[in-house]
Amino acid sequence: MADGNEFQLNPTPLLDDLESGPWPSFIKGFKEQFKKTGNTMIRGALDQLNYSYQTKMGYWKGGVVGVHGYGAGIISRYSMVSDLFPEAKEFHTVRIQPAPGLHYSSKSLREICDIWEKYGSGLINCHGQSGNLQLIGIEADKVQAAFDEFNQKGWDLGGAGACVRTAASCVGPARCEMSCYDTLNVHHKMLTYFTDLVHRPALPYKAKFKFSGCPNDCTNAIQRADYAVIGTWKGDIQVDEAEVKAFIDSKGMDYVVNNVVTRCPTNAITMESGSIKINNDDCVRCMHCINVMTKALSPGKERGVSLLCGGKGILKVGNMLGAMMIPFIKVDTEEEQEAFVELIEQILDFWADNALDHERLGEFIERIGMHAFLEGAELDTSIDMVTHPRDNPYFKAGYDHDPLKEISL
Amino acid sequence: MADGNEFQLNPTPLLDDLESGPWPSFIKGFKEQFKKTGNTMIRGALDQLNYSYQTKMGYWKGGVVGVHGYGAGIISRYSMVSDLFPEAKEFHTVRIQPAPGLHYSSKSLREICDIWEKYGSGLINCHGQSGNLQLIGIEADKVQAAFDEFNQKGWDLGGAGACVRTAASCVGPARCEMSCYDTLNVHHKMLTYFTDLVHRPALPYKAKFKFSGCPNDCTNAIQRADYAVIGTWKGDIQVDEAEVKAFIDSKGMDYVVNNVVTRCPTNAITMESGSIKINNDDCVRCMHCINVMTKALSPGKERGVSLLCGGKGILKVGNMLGAMMIPFIKVDTEEEQEAFVELIEQILDFWADNALDHERLGEFIERIGMHAFLEGAELDTSIDMVTHPRDNPYFKAGYDHDPLKEISL
Amino acid sequence: MAAERTWTTIESGPPNAWDFLHPVCQKNYGKWKYHERPRPGVLKHVAESGDVLYTVRAGTERQDTATIIRRFCDLADKYADGFLRWTVRNNVEFMTPSWDNVEALIKDLNDLGHPVGGTGPSVSAIAHTQGWLHCDIPATDASGVAKSIMDIVYDEYIVEEMPNRVKLSTSCCEINCGGQADIAVIIQHTRPPRINHDILSGICEMPSTVARCPVAAIRPTTVNGKPSLMVVEEKCICCGACFGACPAMEINHPDYSKLAIWVGGKNSNARTAPANMKLVCHGIPQEPPRWPAVGTLVKRILDAYKDGARDWERMGEWIDRIGWKRFFETTGLKFDTYMIDTYRHARTSFNTSTHVRF
Amino acid sequence: MAAERTWTTIESGPPNAWDFLHPVCQKNYGKWKYHERPRPGVLKHVAESGDVLYTVRAGTERQDTATIIRRFCDLADKYADGFLRWTVRNNVEFMTPSWDNVEALIKDLNDLGHPVGGTGPSVSAIAHTQGWLHCDIPATDASGVAKSIMDIVYDEYIVEEMPNRVKLSTSCCEINCGGQADIAVIIQHTRPPRINHDILSGICEMPSTVARCPVAAIRPTTVNGKPSLMVVEEKCICCGACFGACPAMEINHPDYSKLAIWVGGKNSNARTAPANMKLVCHGIPQEPPRWPAVGTLVKRILDAYKDGARDWERMGEWIDRIGWKRFFETTGLKFDTYMIDTYRHARTSFNTSTHVRF
Ligand code: SRM
Ligand code: SRM
Ligand code: SRM
Ligand code: SRM
Ligand code: SF4
Ligand code: SF4
Ligand code: SF4
Ligand code: SF4
Ligand code: SF4
Ligand code: SF4
Ligand code: SF4
Ligand code: SF4
């Protein structure tokens with residue numbers, strides 16, 4: 001309990017332990033913020049957290065808090081032990097959508113801090129993995145005013161619940177030589193197009209987008225997004241022969257064999273008379289040789305993206321990785337980007353119309369079967385969708401399907 | 001129909017087509033056999049087969065034929081079109097168990113031919129994959145007499161139906177330098193021990209054994225046997241350094257890198273200053289380097305077998321490959337062999353007591369889960385049973401199981 | 001009535017192999033050092049003792065006869081000290097320490113129409129099944145298909161010019177007794193079973209038949225007042241499992257039971273782990289006695305493999321390197337949506353990576 | 001009652017990134033050539049134009065505050081032309097074309113307690129989740145666990161001495177918002193939920209809750225005359241999915257909600273395809289505020305990896321080479337029978353080869 005002194009913290013012996021150690025301490029940060037602003041919600045939150053550390057149980061429960069016209073974007077939290085810690089009785093989160101690639105100007109961030117200190121706790125998650133700026137700790141009756149002020153400065157809420165979620169994208173062309181498409185721009189286009197679905201939970205369940213500029217997948221898109229948009233290329237890896245030679249000369253051939261040749265997943269690289277040869281036909285664009293020999297090699301010239309669908313967390317089925325759905329599509333021009341957005345909408349609509357409640361895209365595809373999914377979403381079948389054709393004979397082809405028709409005998 | 005002349009075949013225009021071509025023709029062989037013996041059952045079978053070629057349908061149906069005291073070993077076949085082809089009205093098969101490794105003396109084979117021509121059609125499958133000498137074409141009332149005569153010469157029936165089946169083993173130590181155990185001997189021991197179950201269908205379903213001397217698995221055991229017994233070794237691959245050098249000198253380093261170093265499934269072979277080094281700790285005994293450099297490399301000295309369980313065909317579940325159940329067990333001495341047979345019996349009994357009707361071992365393991373299976377069959381858990389630990393958190397450990405007990409912290 | 005039996009069965013099990021081994025095998029049992037292949041179809045095994053043993057391998061009819069086998073026995077007596085064996089691929093093998101015997105034996109075998117080969121990186125004999133000749137559920141004649149294919153690939157049996165060993169199989173129903181292979185030809189039913197209600201109630205163990213269906217498509221019903229079964233057509237995946245349980249579940253059909261080609265099965269543990277084969281062509285019509293379409297396609301796949309694979313790459317490993325896309329391109333086969341798995345573990349075959357070839 | 005609104009919402013979606021980019025990024029947008037790492041925590045990107053841009057990366061609290069962020073803004077203004085960004089691992093990044101700025105910035109960051117590092121083959125910042133601080137279903141405090149682990153692995157953040165990048169995560173329930181990682185620490189419930197029948201009927205959407213259970217262990221029942229739910233204990237796999245649907249399904253427990261360690265998750269497509277991580281230790285008790293057992297074990301795994309892996313091998317790839325057996329041996333962890341998968345696709349994790357290490 002507060003002891004009368006507004007700027008005095010209550011004892012939190014367990015949390016205090018987390019102030020030590022070399023890594024930046026969030027407890028230190030919280031205390032500092034409290035000391036600076038005297039916002040008692042912080043003290044309440046610390047008290048409750050310390051209590052959780054004692055009892056090893058959590059004490060927040062959800063509810064419904066929102067802003068005018070939106071159905072999502074605020075995560076509401078009410079304390080289950082507000083009799084003990086009344087200062088953090090309400091502790092809702094406002095999810096703000098940042099710019100693609102998590103780029104900020106100091107000016108814009110200061111604006112956010114100012115508004116947030118005015119209405120909320122001043123506590124902020126700068127969240128990398130999932131995208132949102134999570135402003136944690138606000139009371140329900142201040143949410144609308146806070147939002148209005150953010151919105152006036154050009155910020156909008158992110159997703160929560162059964163809707164399109166805030167997306168994530170890698171730094172991309174802004175600073176990365178591997179980038180095969182404009183992650184920031186495509187992210188922006190896509191999320192702007194789906195803004196309505198971000199704000200209003202009208203879907204069977206959540207839908208996430210992540211944009212990585214190349215197969216290194218620095219946003220973990222395959223694993224964390226229903227729609228993983230990943231840069232790739234056609235044609236040969238670009239080779240700077242002089243740099244290849246320089247690399248071999250400096251590292252030695254043993255190193256090159258043991259670190260490049262033997263690591264190529266498809267044996268696409270062979271050793272030939274003391275140098276290496278990339279057999280581009282066999283290359284699966286894994287990035288490894290390019291990563292190792294970054295000066296000598298770079299992605300091919302004809303660039304686009306792959307779309308993988310159905311990545312999601314562990315719930316119910318075990319972790320699902322996204323599956324290849326569109327192996328290659330160009331997204332450079334406005335028209336190409338629009339066509340891409342339309343394709344995605346086609347998939348999203350088919351899922352939205354047919355999935356069960358709380359069924360993510362990946363679960364949906366697994367339940368109805370890839371064949372029915374491709375038919376429903378009107379996507380072309382491609383061998384790239386699977387690591388291999390089926391190994392069991394358990395299917396019934398359409399009665400009018402004649403597999404031999406297209407084969408010359 | 002026969003036209004009165006006993007040694008005259010009926011027209012079989014479709015089959016006749018199969019007499020041409022360079023590969024040995026079974027139709028030619030059948031006709032020759034008929035011409036030599038005048039056994040009209042052959043003519044009937046050819047006639048019916050030609051009819052099948054016309055109508056694209058088969059015309060045999062099963063029934064029950066056996067020998068005294070046995071419940072299996074004869075596959076009965078009655079013609080469904082015996083009104084058209086009365087000469088092959090009955091066309092049963094006698095399955096004879098050959099010696100392990102399919103070794104024969106000409107003397108013993110002649111005996112078989114003689115008896116078979118006396119009672120049956122004279123048609124014989126020398127079956128490699130599944131083991132049996134299949135004597136096809138005999139009438140029910142001659143089966144007992146034929147069997148008695150075979151049995152007097154030391155032959156016994158093989159398996160059919162829901163019982164232990166005739167086993168297969170590779171040539172093994174008789175002629176192969178890769179052989180890590182005595183396939184012929186262990187095969188003999190095992191099948192002799194289970195002879196009762198070969199003859200009497202007292203199991204939920206069939207149970208097959210195959211014995212391969214090394215991981216090259218020349219009997220396809222992993223895929224075709226409920227119990228795959230495959231030779232393996234502990235310790236380092238034996239290296240003849242002089243032969244390694246000779247190999248590299250003759251083939252060149254490019255060849256060695258591209259065909260040996262890069263082909264090792266675990267990168268256990270590295271290139272070191274123009275030669276190769278096997279990091280035995282990483283070796284998974286795949287055999288490849290030994291196969292390529294057969295003079296220079298050979299399996300390690302401490303030898304035994306791995307047991308893989310649950311291989312089977314496509315029915316109901318899709319093809320199942322056997323799963324590692326006992327990674328290493330020695331089978332050199334009588335005692336070791338007996339212990340091994342007992343272990344197998346333990347597994348077989350648990351399956352026999354608990355499987356559903358028509359449920360193969362592999363299906364059974366999948367249905368009840370590996371954990372319950374290991375518990376029931378009283379087998380030790382080993383990390384070698386899986387390619388990796390589980391990737392989902394969906395289990396409930398025994399309430400008295402304390403995973404941290406054996407870990408020093 | 002059979003005559004009174006005078007013999008009491010001895011449940012002897014399998015005979016012991018020892019007495020059937022060539023003396024050089026007995027002497028050097030478990031003491032072999034290495035082997036070479038002096039020519040296609042011939043192995044040379046060298047023992048630690050220095051002993052040398054040649055093996056000559058030859059193709060057979062597989063559906064043999066007493067006459068054929070006696071001829072092999074004659075050759076064994078003449079050249080191989082009275083011993084012979086069959087391989088797991090139905091080839092016959094003769095062993096001898098004498099190179100002269102090898103040459104004479106090869107000549108005799110060839111004269112009798114038996115090709116010598118099947119060793120090393122060749123196409124060995126096909127593993128096949130009973131077909132219309134003997135089985136009660138076949139939808140094709142595996143022996144005929146096998147003979148037709150072997151005639152076409154004959155030239156690859158007698159030389160060693162493939163990148164690695166090539167194992168073929170054919171099976172006469174979806175059960176696939178022929179097993180996994182580098183290239184397999186198997187029946188693929190394309191329509192649900194037609195139910196023969198006239199005979200069903202008399203011969204069918206109905207609960208077992210219902211239980212046999214992997215997708216629970218079979219249900220009890222009543223037809224003409226008699227208990228019978230029905231199949232829910234939308235569910236049925238035409239596997240034919242029910243036909244094995246009950247002959248009234250007539251799955252076989254002269255037109256709708258087609259052939260399919262599968263590739264990339266692998267049993268050995270060399271390099272990659274054993275792998276199931278994958279479907280690459282279906283809907284091939286029955287064309288006895290020669291099944292020309294099957295032969296053409298198998299040959300085309302073999303040619304592409306021979307042309308494209310590196311030494312030691314088995315069919316499936318070659319495809320893993322070049323990718324399935326290139327496989328379909330170079331063989332002229334056509335990947336279609338039905339080749340994407342939809343069965344129990346389908347999800348595990350999805351490409352959950354950006355690994356892709358263009 | 002809230003005051004009358006004067007503002008009409010603009011559904012603007014995400015802001016455009018362009019205005020937030022450093023001018024050198026704008027100028028060389030999409031025209032970068034290669035990069036180097038002059039020292040841990042610093043990237044040097046070179047553009048086709050010849051322009052050079054340094055990036056300095058620093059560790060943060062992740063659960064930040066306005067005060068902390070304003071401090072970063074000050075640094076951005078001082079050294080990075082007023083721009084900064086967050087990485088997907090909650091690190092902060094400042095960019096500048098000037099090497100002098102780099103050195104001064106590093107000093108300032110260090111003085112403020114922010115480690116500079118996380119680049120190249122280092123242990124970057126942990127991805128973690130809300131925990132007791134904010135979520136409604138957590139069984140631990142991910143932030144506390146994360147801080148405790150980062151304190152222990154701090155030395156590996158500021159150097160680049162690992163074989164390859166190491167990604168860590170922690171999650172506060174089995175749902176695992178923290179995601180797949182080279183090493184992850186996640187809650188593992190060990191007992192079925194206790195049902196709070198007093199509140200259930202009032203708050204529970206029962207059909208949804210029943211549907212949420214992956215093993216159909218939840219059934220409707222009546223308790224004290226009120227409709228409620230029951231759990232079939234033998235079936236329940238303690239996943240906690242029902243708790244997310246209904247707060248009366250009390251899965252969290254101070255003693256029975258344990259921690260588990262997972263390794264070998266990989267998201268990038270470099271070399272091997274992305275892979276899920278695997279369970280290697282469970283049943284670790286809750287020990288706030290420092291969770292010492294977890295820290296010890298994570299460190300031990302890291303040390304073994306550092307010691308044993310080859311350059312470029314990620315955690316999972318290292319284990320694939322040395323084998324899981326050796327992994328358990330070198331880390332002193334213990335493989336047990338519960339680590340063998342028994343869930344839907346369990347069969348696909350069986351070792352169906354003889355590939356084995358001794
Ligand atoms: C005779 C036979 C065993 C028997 O007891 O009958 C046998 C014998 C030998 N096998 Fe085999 N294999 C025999 C069937 C098999 C099979 C099963 C089959 O054919 O159905 C396989 C597994 C096939 C698969 O993976 O699907 C098999 C996979 C191998 C391999 C691994 C090949 C690979 O790289 O995948 C080797 C190693 C090699 O090729 O160097 C091998 C090597 C050998 C060696 C070289 C072993 C030796 O040192 O003596 C033998 C000479 C083979 C040759 O033809 O050059 N043997 N071998 C079988 C001959 C079959 C035939 O007539 O064609
Ligand atoms: C004769 C043979 C085919 C051949 O010509 O090569 C054969 C023939 C039959 N198999 Fe087979 N199987 C034969 C080897 C196999 C193999 C290969 C092996 O054992 O190496 C397999 C795959 C491995 C396995 O056991 O799964 C095989 C998997 C099956 C299956 C599927 C079992 C499954 O669970 O997937 C069935 C169907 C069944 O048992 O219900 C089956 C059933 C049959 C039946 C009994 C059909 C039936 O249900 O009436 C066939 C009798 C044919 C006949 O009239 O002679 N046969 N069958 C092979 C036996 C020769 C022998 O015993 O010496
Ligand atoms: C800044 C960041 C992207 C962003 O927009 O925020 C980024 C930036 C770069 N990544 Fe990344 N990666 C970033 C997160 C990731 C992630 C996701 C994650 O950390 O959760 C992954 C996937 C991790 C996984 O597989 O689980 C990732 C997998 C890679 C890889 C592939 C590594 C591998 O071999 O598996 C490379 C290539 C390499 O290492 O050479 C790479 C390479 C790079 C390069 C070298 C690309 C370039 O040429 O500029 C960048 C400098 C990295 C460095 O630290 O040395 N980046 N990178 C992320 C920094 C995270 C951090 O603060 O630690
Ligand atoms: C805040 C955050 C954790 C964090 O601190 O990092 C988070 C927090 C929650 N997640 Fe999450 N998830 C967060 C990223 C993720 C991710 C990672 C990602 O998106 O990159 C995943 C894995 C990917 C995925 O979407 O599957 C993730 C998978 C889940 C799941 C499991 C979904 C599944 O199908 O497997 C749930 C449960 C559910 O939705 O029913 C869930 C549910 C939740 C809820 C809403 C719990 C609940 O049902 O009430 C948590 C609210 C916490 C709170 O009070 O703020 N969260 N969650 C992350 C969101 C930040 C943001 O939006 O900017
Ligand atoms: S995903 Fe590729 S393009 Fe994006 S930051 Fe990572 S390496 Fe660069
Ligand atoms: S990018 Fe990957 S697959 Fe392609 S050549 Fe390089 S290492 Fe091989
Ligand atoms: S399995 Fe091994 S031991 Fe047996 S024949 Fe084949 S290579 Fe020789
Ligand atoms: S036997 Fe196989 S795994 Fe072992 S070193 Fe040789 S190639 Fe590698
Ligand atoms: S494959 Fe089918 S039809 Fe052919 S022998 Fe086997 S069970 Fe009979
Ligand atoms: S064919 Fe197969 S799927 Fe169809 S009813 Fe028969 S058993 Fe069931
Ligand atoms: S991991 Fe679980 S407890 Fe933690 S934030 Fe995510 S949903 Fe909440
Ligand atoms: S904890 Fe999971 S398995 Fe148990 S009842 Fe709840 S949802 Fe079902």
# chains A, B, ... in the order shown; residues from 1 in each chain; ligands from 1
$ residues_near_ligand --ligand "ligand 3" --cutoff "6 Å" --atoms "only C-alpha atoms and all ligand atoms" --output "ChimeraX atom specification"
/A:101,170-171,176-178,216-220,291 /D:35,87-89,91,118-120,124,167,181,266-268,270,312,314
$ residues_around --residues "Val292 of chain A" --least-positions-apart "5" --cutoff "9 Å" --atoms "only C-alpha atoms" --output "VMD selection string"
(chain A and resid 259 to 260 287 297) or (chain D and resid 312)
$ write_last_selection --atoms "N, CA and C atoms" --output "JSON list (two decimals), in the first residue's frame"
[["chain", "number", "residue", "atom", "x", "y", "z"],
["A", 259, "ASN", "N", 32.98, -25.35, -45.18],
["A", 259, "ASN", "CA", 32.00, -24.35, -44.77],
["A", 259, "ASN", "C", 31.06, -23.90, -45.87],
["A", 260, "VAL", "N", 31.42, -24.12, -47.10],
["A", 260, "VAL", "CA", 30.53, -23.72, -48.19],
["A", 260, "VAL", "C", 30.06, -24.95, -48.96],
["A", 287, "MET", "N", 20.38, -19.12, -49.29],
["A", 287, "MET", "CA", 21.16, -17.94, -48.86],
["A", 287, "MET", "C", 22.52, -18.28, -48.26],
["A", 297, "LEU", "N", 29.14, -13.03, -53.61],
["A", 297, "LEU", "CA", 27.90, -13.56, -54.17],
["A", 297, "LEU", "C", 26.72, -12.69, -53.76],
["D", 312, "TRP", "N", 29.05, -21.60, -38.57],
["D", 312, "TRP", "CA", 27.81, -21.54, -39.35],
["D", 312, "TRP", "C", 26.77, -22.55, -38.93]]
$ interface_residues --of "chain A" --to "chain D" --cutoff "6 Å" --atoms "only C-alpha atoms" --output "ChimeraX atom specification"
/A:14,21-26,53,56,58,60-61,97-100,102-106,113,122-125,127-129,156,173-174,177,192,195,215-217,220,264-265,286-288,295,314-316
$ residues_around --residues "Phe350 of chain D" --least-positions-apart "3" --cutoff "7 Å" --atoms "only C-alpha atoms" --output "MDAnalysis selection string"
(chainID B and resid 323 385:387) or (chainID D and resid 347)
$ write_last_selection --atoms "N, CA, C and O atoms" --output "mmCIF file, in the first residue's frame"
data_model
loop_
_atom_site.group_PDB
_atom_site.id
_atom_site.type_symbol
_atom_site.label_atom_id
_atom_site.label_comp_id
_atom_site.auth_asym_id
_atom_site.auth_seq_id
_atom_site.Cartn_x
_atom_site.Cartn_y
_atom_site.Cartn_z
ATOM 1 N N ALA B 323 10.671 -48.732 -37.252
ATOM 2 C CA ALA B 323 11.263 -47.704 -36.383
ATOM 3 C C ALA B 323 12.254 -48.358 -35.418
ATOM 4 O O ALA B 323 12.020 -49.459 -34.912
ATOM 5 N N MET B 385 15.545 -43.950 -30.883
ATOM 6 C CA MET B 385 14.242 -44.344 -31.429
ATOM 7 C C MET B 385 13.593 -43.252 -32.264
ATOM 8 O O MET B 385 12.653 -43.510 -32.998
ATOM 9 N N VAL B 386 14.055 -42.048 -32.081
ATOM 10 C CA VAL B 386 13.443 -40.928 -32.794
ATOM 11 C C VAL B 386 14.516 -40.103 -33.499
ATOM 12 O O VAL B 386 15.686 -40.133 -33.113
ATOM 13 N N THR B 387 14.103 -39.402 -34.515
ATOM 14 C CA THR B 387 15.064 -38.518 -35.171
ATOM 15 C C THR B 387 15.272 -37.264 -34.325
ATOM 16 O O THR B 387 16.259 -36.567 -34.479
ATOM 17 N N ARG D 347 4.417 -40.446 -35.482
ATOM 18 C CA ARG D 347 5.090 -41.440 -36.323
ATOM 19 C C ARG D 347 6.176 -40.830 -37.198
ATOM 20 O O ARG D 347 7.181 -41.468 -37.491
#
$ residues_around --residues "segment 362-373 of chain A" --least-positions-apart "5" --cutoff "9 Å" --atoms "only C-alpha atoms" --output "PyMOL selection string"
(chain A and resi 226+309-312+317+320-323+347+350-351+354-356+378-379+381) or (chain C and resi 337-338+340-343+346-347)
$ write_last_selection --atoms "C-alpha atoms" --output "PDB file, in the first residue's frame"
ATOM      1  CA  ASP A 226      -0.413 -16.802 -41.398  1.00  0.00           C
ATOM      2  CA  CYS A 309       0.619 -19.627 -45.625  1.00  0.00           C
ATOM      3  CA  GLY A 310      -0.442 -21.050 -42.306  1.00  0.00           C
ATOM      4  CA  GLY A 311       2.356 -20.398 -39.873  1.00  0.00           C
ATOM      5  CA  LYS A 312       1.173 -20.176 -36.281  1.00  0.00           C
ATOM      6  CA  VAL A 317      -1.941 -28.659 -33.217  1.00  0.00           C
ATOM      7  CA  MET A 320       2.893 -24.929 -37.588  1.00  0.00           C
ATOM      8  CA  LEU A 321       5.294 -23.529 -40.125  1.00  0.00           C
ATOM      9  CA  GLY A 322       3.877 -21.710 -43.115  1.00  0.00           C
ATOM     10  CA  ALA A 323       3.600 -23.724 -46.301  1.00  0.00           C
ATOM     11  CA  ILE A 347      -7.183 -16.608 -49.738  1.00  0.00           C
ATOM     12  CA  PHE A 350     -12.075 -18.207 -48.547  1.00  0.00           C
ATOM     13  CA  TRP A 351     -10.702 -18.859 -45.085  1.00  0.00           C
ATOM     14  CA  ASN A 354     -15.258 -21.376 -44.345  1.00  0.00           C
ATOM     15  CA  ALA A 355     -13.070 -21.756 -41.271  1.00  0.00           C
ATOM     16  CA  LEU A 356     -14.386 -22.870 -37.924  1.00  0.00           C
ATOM     17  CA  GLU A 378      -8.586 -20.527 -56.591  1.00  0.00           C
ATOM     18  CA  LEU A 379      -4.847 -20.934 -56.457  1.00  0.00           C
ATOM     19  CA  THR A 381      -1.233 -26.047 -57.928  1.00  0.00           C
TER      20      THR A 381
ATOM     21  CA  THR C 337      -3.132 -31.384 -57.566  1.00  0.00           C
ATOM     22  CA  TYR C 338      -3.984 -34.989 -56.644  1.00  0.00           C
ATOM     23  CA  ILE C 340      -0.384 -33.342 -53.121  1.00  0.00           C
ATOM     24  CA  ASP C 341      -0.924 -35.490 -50.082  1.00  0.00           C
ATOM     25  CA  THR C 342      -4.281 -35.190 -48.362  1.00  0.00           C
ATOM     26  CA  TYR C 343      -3.972 -38.191 -46.084  1.00  0.00           C
ATOM     27  CA  ALA C 346      -0.222 -34.674 -45.287  1.00  0.00           C
ATOM     28  CA  ARG C 347       0.946 -31.614 -43.420  1.00  0.00           C
TER      29      ARG C 347
END
$ residues_around --residues "segment 138-152 of chain B" --least-positions-apart "4" --cutoff "6 Å" --atoms "only C-alpha atoms" --output "number ranges by chain"
B: 67, 90-92, 119-120, 156
$ select_by_dssp --residues "segment 26-241 of chain C" --states "strand (DSSP E or B)" --output "ChimeraX atom specification"
/C:32-39,42-47,52-58,63-65,83-86,92-96,116,123,127,166,168-171,183-189,194-195,218-223,226-231
$ write_last_selection --atoms "C-alpha atoms" --output "JSON list (two decimals), in the first residue's frame"
[["chain", "number", "residue", "atom", "x", "y", "z"],
["C", 32, "TRP", "CA", 35.63, -61.55, -46.39],
["C", 33, "LYS", "CA", 37.78, -58.55, -47.07],
["C", 34, "TYR", "CA", 36.53, -56.66, -50.08],
["C", 35, "HIS", "CA", 34.92, -57.11, -53.45],
["C", 36, "GLU", "CA", 35.27, -55.89, -56.99],
["C", 37, "ARG", "CA", 33.17, -56.20, -60.08],
["C", 38, "PRO", "CA", 35.33, -57.56, -62.90],
["C", 39, "ARG", "CA", 32.47, -57.16, -65.38],
["C", 42, "VAL", "CA", 30.08, -60.81, -61.97],
["C", 43, "LEU", "CA", 31.29, -60.13, -58.44],
["C", 44, "LYS", "CA", 34.74, -60.96, -57.18],
["C", 45, "HIS", "CA", 34.94, -61.39, -53.44],
["C", 46, "VAL", "CA", 38.35, -61.61, -51.82],
["C", 47, "ALA", "CA", 38.70, -63.19, -48.39],
["C", 52, "VAL", "CA", 38.85, -65.46, -54.35],
["C", 53, "LEU", "CA", 35.25, -66.26, -55.15],
["C", 54, "TYR", "CA", 33.44, -65.20, -58.28],
["C", 55, "THR", "CA", 29.68, -64.84, -58.39],
["C", 56, "VAL", "CA", 27.77, -64.88, -61.63],
["C", 57, "ARG", "CA", 24.29, -63.40, -61.49],
["C", 58, "ALA", "CA", 21.59, -64.06, -64.06],
["C", 63, "GLN", "CA", 7.57, -67.48, -62.36],
["C", 64, "ASP", "CA", 9.81, -70.52, -62.91],
["C", 65, "THR", "CA", 9.19, -74.19, -63.52],
["C", 83, "PHE", "CA", 25.49, -74.88, -55.29],
["C", 84, "LEU", "CA", 23.34, -71.96, -56.28],
["C", 85, "ARG", "CA", 21.22, -69.30, -54.65],
["C", 86, "TRP", "CA", 18.50, -66.84, -55.37],
["C", 92, "VAL", "CA", 19.99, -66.70, -59.64],
["C", 93, "GLU", "CA", 23.63, -66.74, -58.51],
["C", 94, "PHE", "CA", 26.39, -69.24, -59.07],
["C", 95, "MET", "CA", 29.71, -69.11, -57.26],
["C", 96, "THR", "CA", 33.06, -70.42, -58.29],
["C", 116, "VAL", "CA", 23.96, -62.00, -66.95],
["C", 123, "VAL", "CA", 18.89, -51.98, -63.47],
["C", 127, "ALA", "CA", 10.43, -57.36, -57.90],
["C", 166, "VAL", "CA", 18.15, -49.15, -59.81],
["C", 168, "LEU", "CA", 12.11, -51.71, -59.89],
["C", 169, "SER", "CA", 8.87, -53.23, -58.71],
["C", 170, "THR", "CA", 5.34, -53.82, -59.92],
["C", 171, "SER", "CA", 2.26, -54.72, -57.91],
["C", 183, "ILE", "CA", 10.51, -46.94, -59.86],
["C", 184, "ALA", "CA", 7.34, -48.87, -59.13],
["C", 185, "VAL", "CA", 4.25, -49.57, -61.19],
["C", 186, "ILE", "CA", 1.15, -50.17, -59.11],
["C", 187, "ILE", "CA", -2.58, -50.41, -59.60],
["C", 188, "GLN", "CA", -4.50, -47.29, -58.68],
["C", 189, "HIS", "CA", -8.24, -47.69, -58.40],
["C", 194, "ARG", "CA", -19.42, -51.61, -56.62],
["C", 195, "ILE", "CA", -21.11, -53.76, -54.04],
["C", 218, "ILE", "CA", -18.54, -48.22, -45.25],
["C", 219, "ARG", "CA", -21.86, -48.43, -43.44],
["C", 220, "PRO", "CA", -24.30, -51.22, -42.74],
["C", 221, "THR", "CA", -27.54, -51.05, -44.69],
["C", 222, "THR", "CA", -30.35, -53.28, -45.85],
["C", 223, "VAL", "CA", -30.83, -54.25, -49.49],
["C", 226, "LYS", "CA", -31.09, -58.54, -46.44],
["C", 227, "PRO", "CA", -28.38, -56.93, -44.33],
["C", 228, "SER", "CA", -25.69, -55.53, -46.58],
["C", 229, "LEU", "CA", -23.18, -52.70, -46.78],
["C", 230, "MET", "CA", -23.05, -49.35, -48.53],
["C", 231, "VAL", "CA", -20.19, -47.02, -49.40]]
